[in-house]
file coords-v3.txt (compact mmCIF, N, CA and C atoms and all ligand atoms)
# COMPACT_ATOMS: atom_id res chain seq x y z
N MET A 1 26.03 -101.69 -2.73
CA MET A 1 25.76 -100.29 -3.01
C MET A 1 26.78 -99.40 -2.33
N THR A 2 27.91 -99.51 -2.77
CA THR A 2 28.92 -98.65 -2.17
C THR A 2 29.20 -97.48 -3.11
N ALA A 3 28.59 -96.48 -2.70
CA ALA A 3 28.75 -95.29 -3.55
C ALA A 3 29.79 -94.37 -2.94
N THR A 4 30.89 -94.45 -3.47
CA THR A 4 31.95 -93.57 -2.99
C THR A 4 31.86 -92.25 -3.76
N LYS A 5 31.56 -91.32 -2.97
CA LYS A 5 31.39 -90.02 -3.62
C LYS A 5 32.74 -89.33 -3.74
N THR A 6 33.06 -89.11 -4.88
CA THR A 6 34.32 -88.41 -5.11
C THR A 6 33.97 -86.99 -5.59
N THR A 7 34.13 -86.16 -4.66
CA THR A 7 33.80 -84.79 -5.04
C THR A 7 35.05 -84.14 -5.62
N THR A 8 34.98 -84.03 -6.83
CA THR A 8 36.10 -83.37 -7.49
C THR A 8 35.78 -81.88 -7.56
N LYS A 9 36.57 -81.22 -6.83
CA LYS A 9 36.33 -79.77 -6.83
C LYS A 9 36.95 -79.17 -8.08
N LYS A 10 36.09 -78.64 -8.78
CA LYS A 10 36.61 -77.99 -9.98
C LYS A 10 36.86 -76.53 -9.65
N ALA A 11 38.06 -76.29 -9.31
CA ALA A 11 38.40 -74.92 -8.96
C ALA A 11 38.51 -74.06 -10.20
N THR A 12 37.65 -73.13 -10.19
CA THR A 12 37.70 -72.23 -11.34
C THR A 12 38.59 -71.05 -10.98
N PRO A 13 39.71 -71.04 -11.53
CA PRO A 13 40.62 -69.93 -11.22
C PRO A 13 40.07 -68.59 -11.70
N ALA A 14 39.83 -67.77 -10.72
CA ALA A 14 39.31 -66.45 -11.07
C ALA A 14 40.47 -65.49 -11.30
N LYS A 15 41.12 -65.79 -12.34
CA LYS A 15 42.32 -64.99 -12.59
C LYS A 15 42.00 -63.73 -13.40
N ALA A 16 40.96 -63.91 -14.18
CA ALA A 16 40.66 -62.80 -15.09
C ALA A 16 39.99 -61.65 -14.34
N GLU A 17 40.76 -60.98 -13.54
CA GLU A 17 40.20 -59.83 -12.85
C GLU A 17 40.37 -58.58 -13.70
N PRO A 18 39.39 -57.76 -13.62
CA PRO A 18 39.49 -56.53 -14.42
C PRO A 18 40.67 -55.67 -13.96
N THR A 19 41.34 -55.18 -14.90
CA THR A 19 42.49 -54.34 -14.58
C THR A 19 42.02 -53.06 -13.91
N PRO A 20 42.56 -52.80 -12.75
CA PRO A 20 42.15 -51.56 -12.08
C PRO A 20 42.47 -50.34 -12.93
N THR A 21 41.49 -49.50 -13.00
CA THR A 21 41.67 -48.33 -13.87
C THR A 21 42.21 -47.13 -13.10
N LYS A 22 42.88 -47.47 -12.02
CA LYS A 22 43.44 -46.37 -11.24
C LYS A 22 44.63 -45.77 -11.98
N LYS A 23 44.53 -44.55 -12.18
CA LYS A 23 45.62 -43.89 -12.89
C LYS A 23 46.65 -43.36 -11.90
N ALA A 24 47.83 -43.29 -12.36
CA ALA A 24 48.88 -42.70 -11.53
C ALA A 24 48.60 -41.21 -11.35
N ALA A 25 49.39 -40.61 -10.53
CA ALA A 25 49.19 -39.19 -10.24
C ALA A 25 49.02 -38.40 -11.53
N PRO A 26 47.96 -37.65 -11.59
CA PRO A 26 47.72 -36.88 -12.80
C PRO A 26 48.80 -35.84 -13.05
N LYS A 27 49.08 -35.70 -14.31
CA LYS A 27 50.10 -34.70 -14.64
C LYS A 27 49.53 -33.31 -14.40
N SER A 28 50.38 -32.46 -13.95
CA SER A 28 49.92 -31.10 -13.68
C SER A 28 49.42 -30.48 -14.98
N SER A 29 48.16 -30.20 -14.98
CA SER A 29 47.54 -29.69 -16.20
C SER A 29 47.54 -28.17 -16.24
N GLY A 30 48.39 -27.59 -15.44
CA GLY A 30 48.49 -26.14 -15.52
C GLY A 30 47.62 -25.41 -14.54
N LYS A 31 46.56 -26.09 -14.07
CA LYS A 31 45.66 -25.40 -13.15
C LYS A 31 46.33 -25.16 -11.81
N SER A 32 46.71 -26.26 -11.16
CA SER A 32 47.44 -26.11 -9.91
C SER A 32 48.85 -26.62 -10.13
N THR A 33 49.77 -25.71 -10.18
CA THR A 33 51.15 -26.12 -10.46
C THR A 33 51.89 -26.45 -9.18
N ALA A 34 51.24 -26.24 -8.05
CA ALA A 34 51.91 -26.46 -6.78
C ALA A 34 52.21 -27.94 -6.59
N LYS A 35 53.45 -28.25 -6.42
CA LYS A 35 53.86 -29.63 -6.18
C LYS A 35 53.52 -30.01 -4.74
N TYR A 36 53.66 -29.03 -3.88
CA TYR A 36 53.35 -29.27 -2.48
C TYR A 36 52.03 -28.61 -2.16
N ASN A 37 51.14 -29.40 -1.63
CA ASN A 37 49.83 -28.88 -1.34
C ASN A 37 49.16 -29.78 -0.31
N VAL A 38 48.99 -29.27 0.88
CA VAL A 38 48.31 -30.04 1.92
C VAL A 38 47.06 -29.28 2.31
N ALA A 39 45.94 -29.96 2.25
CA ALA A 39 44.67 -29.37 2.66
C ALA A 39 44.37 -28.06 1.94
N GLY A 40 44.83 -27.97 0.70
CA GLY A 40 44.50 -26.80 -0.08
C GLY A 40 45.44 -25.62 0.10
N TYR A 41 46.51 -25.85 0.83
CA TYR A 41 47.48 -24.77 1.01
C TYR A 41 48.66 -25.00 0.08
N PRO A 42 48.75 -24.22 -0.98
CA PRO A 42 49.87 -24.41 -1.89
C PRO A 42 51.19 -24.11 -1.21
N GLY A 43 52.14 -25.01 -1.43
CA GLY A 43 53.45 -24.82 -0.84
C GLY A 43 53.63 -25.52 0.48
N LEU A 44 52.54 -25.99 1.04
CA LEU A 44 52.64 -26.68 2.33
C LEU A 44 53.05 -28.13 2.10
N ALA A 45 54.23 -28.47 2.59
CA ALA A 45 54.75 -29.82 2.37
C ALA A 45 54.22 -30.79 3.41
N ARG A 46 54.17 -30.33 4.64
CA ARG A 46 53.59 -31.19 5.67
C ARG A 46 53.47 -30.44 6.99
N THR A 47 52.63 -30.97 7.83
CA THR A 47 52.49 -30.38 9.14
C THR A 47 52.86 -31.43 10.18
N VAL A 48 53.48 -30.98 11.21
CA VAL A 48 53.88 -31.90 12.28
C VAL A 48 53.64 -31.22 13.62
N ARG A 49 53.46 -32.02 14.62
CA ARG A 49 53.33 -31.48 15.96
C ARG A 49 54.64 -31.71 16.68
N SER A 50 55.18 -30.64 17.18
CA SER A 50 56.46 -30.77 17.88
C SER A 50 56.23 -31.44 19.23
N ARG A 51 57.06 -32.42 19.47
CA ARG A 51 56.93 -33.11 20.75
C ARG A 51 57.50 -32.25 21.87
N LEU A 52 58.37 -31.36 21.48
CA LEU A 52 59.03 -30.53 22.48
C LEU A 52 58.09 -29.45 23.01
N SER A 53 57.46 -28.74 22.09
CA SER A 53 56.64 -27.61 22.51
C SER A 53 55.15 -27.91 22.45
N GLY A 54 54.79 -28.97 21.72
CA GLY A 54 53.38 -29.31 21.59
C GLY A 54 52.65 -28.44 20.58
N THR A 55 53.37 -27.59 19.88
CA THR A 55 52.74 -26.71 18.90
C THR A 55 52.75 -27.35 17.53
N GLN A 56 51.87 -26.83 16.69
CA GLN A 56 51.76 -27.33 15.32
C GLN A 56 52.79 -26.61 14.44
N LEU A 57 53.58 -27.38 13.73
CA LEU A 57 54.59 -26.79 12.86
C LEU A 57 54.29 -27.16 11.41
N SER A 58 54.55 -26.23 10.52
CA SER A 58 54.36 -26.51 9.10
C SER A 58 55.66 -26.33 8.36
N ILE A 59 55.86 -27.22 7.40
CA ILE A 59 57.04 -27.10 6.55
C ILE A 59 56.57 -26.63 5.18
N TRP A 60 57.15 -25.54 4.73
CA TRP A 60 56.70 -24.90 3.49
C TRP A 60 57.78 -24.91 2.43
N PHE A 61 57.32 -25.07 1.19
CA PHE A 61 58.16 -24.87 0.03
C PHE A 61 57.87 -23.44 -0.41
N THR A 62 58.80 -22.55 -0.12
CA THR A 62 58.49 -21.13 -0.20
C THR A 62 58.10 -20.65 -1.60
N ALA A 63 58.67 -21.29 -2.63
CA ALA A 63 58.37 -20.83 -4.00
C ALA A 63 56.90 -20.99 -4.34
N GLU A 64 56.21 -21.90 -3.66
CA GLU A 64 54.81 -22.14 -3.98
C GLU A 64 53.86 -21.59 -2.92
N ALA A 65 54.41 -21.09 -1.84
CA ALA A 65 53.56 -20.57 -0.77
C ALA A 65 53.46 -19.05 -0.88
N PRO A 66 52.24 -18.55 -1.09
CA PRO A 66 52.05 -17.11 -1.27
C PRO A 66 52.61 -16.27 -0.13
N GLN A 67 52.49 -16.77 1.09
CA GLN A 67 52.94 -15.95 2.23
C GLN A 67 54.47 -15.88 2.33
N PHE A 68 55.15 -16.72 1.56
CA PHE A 68 56.61 -16.69 1.58
C PHE A 68 57.17 -16.18 0.25
N LYS A 69 56.33 -15.53 -0.51
CA LYS A 69 56.73 -15.05 -1.82
C LYS A 69 57.96 -14.15 -1.69
N GLY A 70 58.95 -14.44 -2.51
CA GLY A 70 60.14 -13.61 -2.49
C GLY A 70 61.11 -13.99 -1.39
N ALA A 71 60.86 -15.11 -0.73
CA ALA A 71 61.76 -15.54 0.34
C ALA A 71 63.13 -15.88 -0.23
N SER A 72 64.14 -15.65 0.57
CA SER A 72 65.50 -15.86 0.08
C SER A 72 65.91 -17.33 0.11
N LYS A 73 65.14 -18.14 0.77
CA LYS A 73 65.48 -19.56 0.86
C LYS A 73 64.30 -20.41 0.41
N PRO A 74 64.60 -21.60 -0.12
CA PRO A 74 63.53 -22.42 -0.70
C PRO A 74 62.58 -23.08 0.29
N TRP A 75 63.01 -23.22 1.53
CA TRP A 75 62.17 -23.91 2.51
C TRP A 75 61.96 -23.07 3.75
N ALA A 76 60.91 -23.36 4.46
CA ALA A 76 60.65 -22.66 5.70
C ALA A 76 59.89 -23.55 6.65
N ILE A 77 60.13 -23.35 7.91
CA ILE A 77 59.34 -24.04 8.93
C ILE A 77 58.65 -22.97 9.74
N GLU A 78 57.40 -23.24 10.03
CA GLU A 78 56.61 -22.22 10.71
C GLU A 78 55.95 -22.81 11.95
N CYS A 79 55.97 -22.04 13.02
CA CYS A 79 55.22 -22.40 14.22
C CYS A 79 53.83 -21.81 14.03
N GLU A 80 52.88 -22.67 13.74
CA GLU A 80 51.54 -22.18 13.43
C GLU A 80 50.88 -21.54 14.63
N ASP A 81 51.17 -22.05 15.79
CA ASP A 81 50.53 -21.52 16.99
C ASP A 81 50.92 -20.07 17.25
N HIS A 82 52.14 -19.71 16.88
CA HIS A 82 52.61 -18.37 17.20
C HIS A 82 52.96 -17.55 15.97
N GLY A 83 52.84 -18.15 14.80
CA GLY A 83 53.06 -17.41 13.57
C GLY A 83 54.50 -17.01 13.29
N LYS A 84 55.42 -17.74 13.92
CA LYS A 84 56.83 -17.44 13.67
C LYS A 84 57.40 -18.48 12.71
N SER A 85 58.28 -18.01 11.82
CA SER A 85 58.85 -18.95 10.87
C SER A 85 60.33 -18.71 10.69
N LYS A 86 60.95 -19.72 10.12
CA LYS A 86 62.38 -19.63 9.88
C LYS A 86 62.65 -20.19 8.50
N LEU A 87 63.44 -19.46 7.72
CA LEU A 87 63.77 -19.90 6.37
C LEU A 87 64.93 -20.90 6.42
N CYS A 88 64.87 -21.90 5.56
CA CYS A 88 65.89 -22.94 5.54
C CYS A 88 66.37 -23.19 4.12
N ASP A 89 67.59 -23.67 4.02
CA ASP A 89 68.16 -23.95 2.70
C ASP A 89 67.62 -25.26 2.11
N THR A 90 67.37 -26.22 2.98
CA THR A 90 66.91 -27.51 2.49
C THR A 90 65.71 -27.97 3.30
N ARG A 91 65.01 -28.91 2.72
CA ARG A 91 63.86 -29.46 3.42
C ARG A 91 64.32 -30.23 4.66
N THR A 92 65.47 -30.86 4.53
CA THR A 92 66.02 -31.59 5.66
C THR A 92 66.27 -30.65 6.83
N GLU A 93 66.81 -29.48 6.49
CA GLU A 93 67.07 -28.51 7.55
C GLU A 93 65.75 -28.10 8.21
N ALA A 94 64.76 -27.86 7.40
CA ALA A 94 63.45 -27.47 7.95
C ALA A 94 62.89 -28.56 8.84
N ARG A 95 63.06 -29.79 8.38
CA ARG A 95 62.53 -30.92 9.15
C ARG A 95 63.25 -31.06 10.48
N MET A 96 64.52 -30.76 10.47
CA MET A 96 65.29 -30.89 11.70
C MET A 96 64.76 -29.94 12.78
N HIS A 97 64.28 -28.80 12.33
CA HIS A 97 63.82 -27.80 13.29
C HIS A 97 62.48 -28.16 13.93
N ARG A 98 61.85 -29.17 13.41
CA ARG A 98 60.53 -29.51 13.97
C ARG A 98 60.65 -30.00 15.40
N GLU A 99 61.82 -30.47 15.74
CA GLU A 99 62.00 -30.95 17.11
C GLU A 99 62.45 -29.84 18.05
N ASP A 100 62.79 -28.71 17.47
CA ASP A 100 63.27 -27.64 18.34
C ASP A 100 62.73 -26.27 17.91
N PRO A 101 61.43 -26.10 17.96
CA PRO A 101 60.86 -24.80 17.57
C PRO A 101 61.35 -23.67 18.45
N VAL A 102 61.93 -24.02 19.58
CA VAL A 102 62.44 -22.98 20.49
C VAL A 102 63.58 -22.19 19.85
N THR A 103 64.18 -22.75 18.80
CA THR A 103 65.30 -22.05 18.18
C THR A 103 64.83 -20.91 17.28
N PHE A 104 63.59 -20.92 16.85
CA PHE A 104 63.16 -19.83 15.97
C PHE A 104 61.87 -19.15 16.45
N CYS A 105 61.19 -19.75 17.41
CA CYS A 105 59.96 -19.14 17.89
C CYS A 105 60.16 -18.66 19.34
N PRO A 106 60.21 -17.36 19.54
CA PRO A 106 60.45 -16.82 20.88
C PRO A 106 59.38 -17.23 21.89
N THR A 107 58.15 -17.33 21.41
CA THR A 107 57.07 -17.70 22.32
C THR A 107 57.25 -19.13 22.82
N CYS A 108 57.62 -20.00 21.91
CA CYS A 108 57.87 -21.39 22.28
C CYS A 108 59.07 -21.46 23.22
N LYS A 109 60.05 -20.66 22.92
CA LYS A 109 61.26 -20.65 23.72
C LYS A 109 60.93 -20.24 25.16
N ALA A 110 60.16 -19.19 25.28
CA ALA A 110 59.78 -18.71 26.60
C ALA A 110 58.96 -19.75 27.34
N ALA A 111 58.05 -20.38 26.62
CA ALA A 111 57.20 -21.38 27.24
C ALA A 111 58.01 -22.60 27.66
N PHE A 112 58.97 -22.93 26.81
CA PHE A 112 59.78 -24.10 27.11
C PHE A 112 60.65 -23.85 28.34
N LYS A 113 61.19 -22.65 28.40
CA LYS A 113 62.03 -22.30 29.55
C LYS A 113 61.24 -22.42 30.84
N ARG A 114 60.01 -21.91 30.75
CA ARG A 114 59.17 -21.92 31.95
C ARG A 114 58.88 -23.35 32.39
N THR A 115 58.54 -24.19 31.39
CA THR A 115 58.18 -25.57 31.75
C THR A 115 59.38 -26.35 32.26
N SER A 116 60.54 -26.10 31.66
CA SER A 116 61.70 -26.86 32.11
C SER A 116 62.15 -26.41 33.50
N LYS A 117 61.87 -25.15 33.78
CA LYS A 117 62.21 -24.67 35.11
C LYS A 117 61.34 -25.35 36.16
N LYS A 118 60.05 -25.44 35.76
CA LYS A 118 59.08 -26.04 36.66
C LYS A 118 59.45 -27.50 36.92
N ALA A 119 59.86 -28.15 35.85
CA ALA A 119 60.16 -29.57 35.95
C ALA A 119 61.41 -29.83 36.76
N ALA A 120 62.32 -28.90 36.73
CA ALA A 120 63.60 -29.11 37.41
C ALA A 120 63.48 -29.03 38.92
ZN ZN A 201 55.80 -21.18 18.81
call {"tool": "encode", "arguments": {"input": "coords-v3.txt", "output": "structure tokens", "more": "lines below"}}
Ligand SMILES: [Zn+2]
result
Amino acid sequence: MTATKTTTKKATPAKAEPTPTKKAAPKSSGKSTAKYNVAGYPGLARTVRSRLSGTQLSIWFTAEAPQFKGASKPWAIECEDHGKSKLCDTRTEARMHREDPVTFCPTCKAAFKRTSKKAA
């Protein structure tokens, strides 16, 4: 009575998975034409915290941001903590300023001077 059990695993390939019905980004249907929109703010491309000043900075696409309507340049970086902003020609330029808000925000500049003095 030698019963050699041969368990043949019949692997059922579960290949037939339902195709995910996730659609790609919806086309702008005219309602919200803003390409840049963070947290419901049209024209807001992104927010960052400056490591230098510790303040919150926002990068705006001025054509879509109501508060920058009529701005002479397409991009802007704003120090949210102090409400100071600087217009930029390119998004790259705006992004570069995120590390140095002291160049366009007098309040940050003053604060930075004070802290660096203390540290020295
Ligand atoms: Zn500031």
call {"tool": "residues_around", "arguments": {"input": "coords-v3.txt", "residues": "Gln67 (chain A)", "least_positions_apart": "2", "cutoff": "12 Å", "atoms": "only C-alpha atoms", "output": "CSV table (one decimal) with N, CA and C atoms, keeping the file's coordinate frame"}}
result
chain,number,residue,atom,x,y,z
A,41,TYR,N,46.5,-25.8,0.8
A,41,TYR,CA,47.5,-24.8,1.0
A,41,TYR,C,48.7,-25.0,0.1
A,42,PRO,N,48.8,-24.2,-1.0
A,42,PRO,CA,49.9,-24.4,-1.9
A,42,PRO,C,51.2,-24.1,-1.2
A,43,GLY,N,52.1,-25.0,-1.4
A,43,GLY,CA,53.4,-24.8,-0.8
A,43,GLY,C,53.6,-25.5,0.5
A,44,LEU,N,52.5,-26.0,1.0
A,44,LEU,CA,52.6,-26.7,2.3
A,44,LEU,C,53.0,-28.1,2.1
A,60,TRP,N,57.2,-25.5,4.7
A,60,TRP,CA,56.7,-24.9,3.5
A,60,TRP,C,57.8,-24.9,2.4
A,61,PHE,N,57.3,-25.1,1.2
A,61,PHE,CA,58.2,-24.9,0.0
A,61,PHE,C,57.9,-23.4,-0.4
A,62,THR,N,58.8,-22.6,-0.1
A,62,THR,CA,58.5,-21.1,-0.2
A,62,THR,C,58.1,-20.6,-1.6
A,63,ALA,N,58.7,-21.3,-2.6
A,63,ALA,CA,58.4,-20.8,-4.0
A,63,ALA,C,56.9,-21.0,-4.3
A,64,GLU,N,56.2,-21.9,-3.7
A,64,GLU,CA,54.8,-22.1,-4.0
A,64,GLU,C,53.9,-21.6,-2.9
A,65,ALA,N,54.4,-21.1,-1.8
A,65,ALA,CA,53.6,-20.6,-0.8
A,65,ALA,C,53.5,-19.0,-0.9
A,69,LYS,N,56.3,-15.5,-0.5
A,69,LYS,CA,56.7,-15.0,-1.8
A,69,LYS,C,58.0,-14.2,-1.7
A,70,GLY,N,59.0,-14.4,-2.5
A,70,GLY,CA,60.1,-13.6,-2.5
A,70,GLY,C,61.1,-14.0,-1.4
A,71,ALA,N,60.9,-15.1,-0.7
A,71,ALA,CA,61.8,-15.5,0.3
A,71,ALA,C,63.1,-15.9,-0.2
A,76,ALA,N,60.9,-23.4,4.5
A,76,ALA,CA,60.6,-22.7,5.7
A,76,ALA,C,59.9,-23.6,6.6
A,78,GLU,N,57.4,-23.2,10.0
A,78,GLU,CA,56.6,-22.2,10.7
A,78,GLU,C,56.0,-22.8,12.0
A,83,GLY,N,52.8,-18.2,14.8
A,83,GLY,CA,53.1,-17.4,13.6
A,83,GLY,C,54.5,-17.0,13.3
A,85,SER,N,58.3,-18.0,11.8
A,85,SER,CA,58.8,-19.0,10.9
A,85,SER,C,60.3,-18.7,10.7
call {"tool": "residues_near_ligand", "arguments": {"input": "coords-v3.txt", "ligand": "ligand ZN 201 (chain A)", "cutoff": "7 Å", "atoms": "only N, CA and C atoms and all ligand atoms", "output": "mmCIF file with N, CA and C atoms, in the coordinates of the input"}}
result
data_model
loop_
_atom_site.group_PDB
_atom_site.id
_atom_site.type_symbol
_atom_site.label_atom_id
_atom_site.label_comp_id
_atom_site.auth_asym_id
_atom_site.auth_seq_id
_atom_site.Cartn_x
_atom_site.Cartn_y
_atom_site.Cartn_z
ATOM 1 N N THR A 55 53.370 -27.590 19.880
ATOM 2 C CA THR A 55 52.740 -26.710 18.900
ATOM 3 C C THR A 55 52.750 -27.350 17.530
ATOM 4 N N CYS A 79 55.970 -22.040 13.020
ATOM 5 C CA CYS A 79 55.220 -22.400 14.220
ATOM 6 C C CYS A 79 53.830 -21.810 14.030
ATOM 7 N N GLU A 80 52.880 -22.670 13.740
ATOM 8 C CA GLU A 80 51.540 -22.180 13.430
ATOM 9 C C GLU A 80 50.880 -21.540 14.630
ATOM 10 N N ASP A 81 51.170 -22.050 15.790
ATOM 11 C CA ASP A 81 50.530 -21.520 16.990
ATOM 12 C C ASP A 81 50.920 -20.070 17.250
ATOM 13 N N HIS A 82 52.140 -19.710 16.880
ATOM 14 C CA HIS A 82 52.610 -18.370 17.200
ATOM 15 C C HIS A 82 52.960 -17.550 15.970
ATOM 16 N N GLY A 83 52.840 -18.150 14.800
ATOM 17 C CA GLY A 83 53.060 -17.410 13.570
ATOM 18 C C GLY A 83 54.500 -17.010 13.290
ATOM 19 N N LYS A 84 55.420 -17.740 13.920
ATOM 20 C CA LYS A 84 56.830 -17.440 13.670
ATOM 21 C C LYS A 84 57.400 -18.480 12.710
ATOM 22 N N PRO A 101 61.430 -26.100 17.960
ATOM 23 C CA PRO A 101 60.860 -24.800 17.570
ATOM 24 C C PRO A 101 61.350 -23.670 18.450
ATOM 25 N N VAL A 102 61.930 -24.020 19.580
ATOM 26 C CA VAL A 102 62.440 -22.980 20.490
ATOM 27 C C VAL A 102 63.580 -22.190 19.850
ATOM 28 N N PHE A 104 63.590 -20.920 16.850
ATOM 29 C CA PHE A 104 63.160 -19.830 15.970
ATOM 30 C C PHE A 104 61.870 -19.150 16.450
ATOM 31 N N CYS A 105 61.190 -19.750 17.410
ATOM 32 C CA CYS A 105 59.960 -19.140 17.890
ATOM 33 C C CYS A 105 60.160 -18.660 19.340
ATOM 34 N N PRO A 106 60.210 -17.360 19.540
ATOM 35 C CA PRO A 106 60.450 -16.820 20.880
ATOM 36 C C PRO A 106 59.380 -17.230 21.890
ATOM 37 N N THR A 107 58.150 -17.330 21.410
ATOM 38 C CA THR A 107 57.070 -17.700 22.320
ATOM 39 C C THR A 107 57.250 -19.130 22.820
ATOM 40 N N CYS A 108 57.620 -20.000 21.910
ATOM 41 C CA CYS A 108 57.870 -21.390 22.280
ATOM 42 C C CYS A 108 59.070 -21.460 23.220
ATOM 43 N N LYS A 109 60.050 -20.660 22.920
ATOM 44 C CA LYS A 109 61.260 -20.650 23.720
ATOM 45 C C LYS A 109 60.930 -20.240 25.160
#
call {"tool": "atom_distance", "arguments": {"input": "coords-v3.txt", "atom1": "CA of Leu57 (chain A)", "atom2": "CA of Met96 (chain A)"}}
result
11.5 Å
call {"tool": "atom_distance", "arguments": {"input": "coords-v3.txt", "atom1": "atom N of Lys113 (chain A)", "atom2": "CA of Ile77 (chain A)"}}
result
19.6 Å
call {"tool": "residues_around", "arguments": {"input": "coords-v3.txt", "residues": "region 97-100 of chain A", "least_positions_apart": "5", "cutoff": "7 Å", "atoms": "all atoms listed in the file", "output": "count of residues only"}}
result
8
call {"tool": "select_by_dssp", "arguments": {"input": "coords-v3.txt", "residues": "region 20-99 of chain A", "states": "strand (DSSP E)", "output": "PyMOL selection string"}}
result
chain A and resi 37-38+41-42+44-49+56-61+75-79+84-88
call {"tool": "write_last_selection", "arguments": {"input": "coords-v3.txt", "atoms": "N, CA and C atoms", "output": "mmCIF file, in the frame of the given file"}}
result
data_model
loop_
_atom_site.group_PDB
_atom_site.id
_atom_site.type_symbol
_atom_site.label_atom_id
_atom_site.label_comp_id
_atom_site.auth_asym_id
_atom_site.auth_seq_id
_atom_site.Cartn_x
_atom_site.Cartn_y
_atom_site.Cartn_z
ATOM 1 N N ASN A 37 51.140 -29.400 -1.630
ATOM 2 C CA ASN A 37 49.830 -28.880 -1.340
ATOM 3 C C ASN A 37 49.160 -29.780 -0.310
ATOM 4 N N VAL A 38 48.990 -29.270 0.880
ATOM 5 C CA VAL A 38 48.310 -30.040 1.920
ATOM 6 C C VAL A 38 47.060 -29.280 2.310
ATOM 7 N N TYR A 41 46.510 -25.850 0.830
ATOM 8 C CA TYR A 41 47.480 -24.770 1.010
ATOM 9 C C TYR A 41 48.660 -25.000 0.080
ATOM 10 N N PRO A 42 48.750 -24.220 -0.980
ATOM 11 C CA PRO A 42 49.870 -24.410 -1.890
ATOM 12 C C PRO A 42 51.190 -24.110 -1.210
ATOM 13 N N LEU A 44 52.540 -25.990 1.040
ATOM 14 C CA LEU A 44 52.640 -26.680 2.330
ATOM 15 C C LEU A 44 53.050 -28.130 2.100
ATOM 16 N N ALA A 45 54.230 -28.470 2.590
ATOM 17 C CA ALA A 45 54.750 -29.820 2.370
ATOM 18 C C ALA A 45 54.220 -30.790 3.410
ATOM 19 N N ARG A 46 54.170 -30.330 4.640
ATOM 20 C CA ARG A 46 53.590 -31.190 5.670
ATOM 21 C C ARG A 46 53.470 -30.440 6.990
ATOM 22 N N THR A 47 52.630 -30.970 7.830
ATOM 23 C CA THR A 47 52.490 -30.380 9.140
ATOM 24 C C THR A 47 52.860 -31.430 10.180
ATOM 25 N N VAL A 48 53.480 -30.980 11.210
ATOM 26 C CA VAL A 48 53.880 -31.900 12.280
ATOM 27 C C VAL A 48 53.640 -31.220 13.620
ATOM 28 N N ARG A 49 53.460 -32.020 14.620
ATOM 29 C CA ARG A 49 53.330 -31.480 15.960
ATOM 30 C C ARG A 49 54.640 -31.710 16.680
ATOM 31 N N GLN A 56 51.870 -26.830 16.690
ATOM 32 C CA GLN A 56 51.760 -27.330 15.320
ATOM 33 C C GLN A 56 52.790 -26.610 14.440
ATOM 34 N N LEU A 57 53.580 -27.380 13.730
ATOM 35 C CA LEU A 57 54.590 -26.790 12.860
ATOM 36 C C LEU A 57 54.290 -27.160 11.410
ATOM 37 N N SER A 58 54.550 -26.230 10.520
ATOM 38 C CA SER A 58 54.360 -26.510 9.100
ATOM 39 C C SER A 58 55.660 -26.330 8.360
ATOM 40 N N ILE A 59 55.860 -27.220 7.400
ATOM 41 C CA ILE A 59 57.040 -27.100 6.550
ATOM 42 C C ILE A 59 56.570 -26.630 5.180
ATOM 43 N N TRP A 60 57.150 -25.540 4.730
ATOM 44 C CA TRP A 60 56.700 -24.900 3.490
ATOM 45 C C TRP A 60 57.780 -24.910 2.430
ATOM 46 N N PHE A 61 57.320 -25.070 1.190
ATOM 47 C CA PHE A 61 58.160 -24.870 0.030
ATOM 48 C C PHE A 61 57.870 -23.440 -0.410
ATOM 49 N N TRP A 75 63.010 -23.220 1.530
ATOM 50 C CA TRP A 75 62.170 -23.910 2.510
ATOM 51 C C TRP A 75 61.960 -23.070 3.750
ATOM 52 N N ALA A 76 60.910 -23.360 4.460
ATOM 53 C CA ALA A 76 60.650 -22.660 5.700
ATOM 54 C C ALA A 76 59.890 -23.550 6.650
ATOM 55 N N ILE A 77 60.130 -23.350 7.910
ATOM 56 C CA ILE A 77 59.340 -24.040 8.930
ATOM 57 C C ILE A 77 58.650 -22.970 9.740
ATOM 58 N N GLU A 78 57.400 -23.240 10.030
ATOM 59 C CA GLU A 78 56.610 -22.220 10.710
ATOM 60 C C GLU A 78 55.950 -22.810 11.950
ATOM 61 N N CYS A 79 55.970 -22.040 13.020
ATOM 62 C CA CYS A 79 55.220 -22.400 14.220
ATOM 63 C C CYS A 79 53.830 -21.810 14.030
ATOM 64 N N LYS A 84 55.420 -17.740 13.920
ATOM 65 C CA LYS A 84 56.830 -17.440 13.670
ATOM 66 C C LYS A 84 57.400 -18.480 12.710
ATOM 67 N N SER A 85 58.280 -18.010 11.820
ATOM 68 C CA SER A 85 58.850 -18.950 10.870
ATOM 69 C C SER A 85 60.330 -18.710 10.690
ATOM 70 N N LYS A 86 60.950 -19.720 10.120
ATOM 71 C CA LYS A 86 62.380 -19.630 9.880
ATOM 72 C C LYS A 86 62.650 -20.190 8.500
ATOM 73 N N LEU A 87 63.440 -19.460 7.720
ATOM 74 C CA LEU A 87 63.770 -19.900 6.370
ATOM 75 C C LEU A 87 64.930 -20.900 6.420
ATOM 76 N N CYS A 88 64.870 -21.900 5.560
ATOM 77 C CA CYS A 88 65.890 -22.940 5.540
ATOM 78 C C CYS A 88 66.370 -23.190 4.120
#
call {"tool": "residues_near_point", "arguments": {"input": "coords-v3.txt", "point": "(65.6, -21.3, 1.7)", "cutoff": "6.5 Å", "atoms": "only N, CA and C atoms", "output": "number ranges by chain"}}
result
A: 71-76, 87-90
call {"tool": "atom_distance", "arguments": {"input": "coords-v3.txt", "atom1": "CA of Gln56 (chain A)", "atom2": "CA of Lys117 (chain A)"}}
result
22.5 Å
call {"tool": "closest_residue", "arguments": {"input": "coords-v3.txt", "among": "A:Ile59, A:Ala34, A:Ala110, A:Ala94", "to": "Thr47 (chain A)", "atoms": "all atoms listed in the file"}}
result
A:Ile59
call {"tool": "axis_aligned_box", "arguments": {"input": "coords-v3.txt", "around": "region 93-106 of chain A", "padding_each_side": "4 Å", "output": "lines of an AutoDock Vina configuration file"}}
result
center_x = 63.2
center_y = -23.9
center_z = 14.2
size_x = 15.7
size_y = 22.2
size_z = 23.4
call {"tool": "select_by_dssp", "arguments": {"input": "coords-v3.txt", "residues": "region 18-114 of chain A", "states": "alpha helix (DSSP H)", "output": "count of residues only"}}
result
15
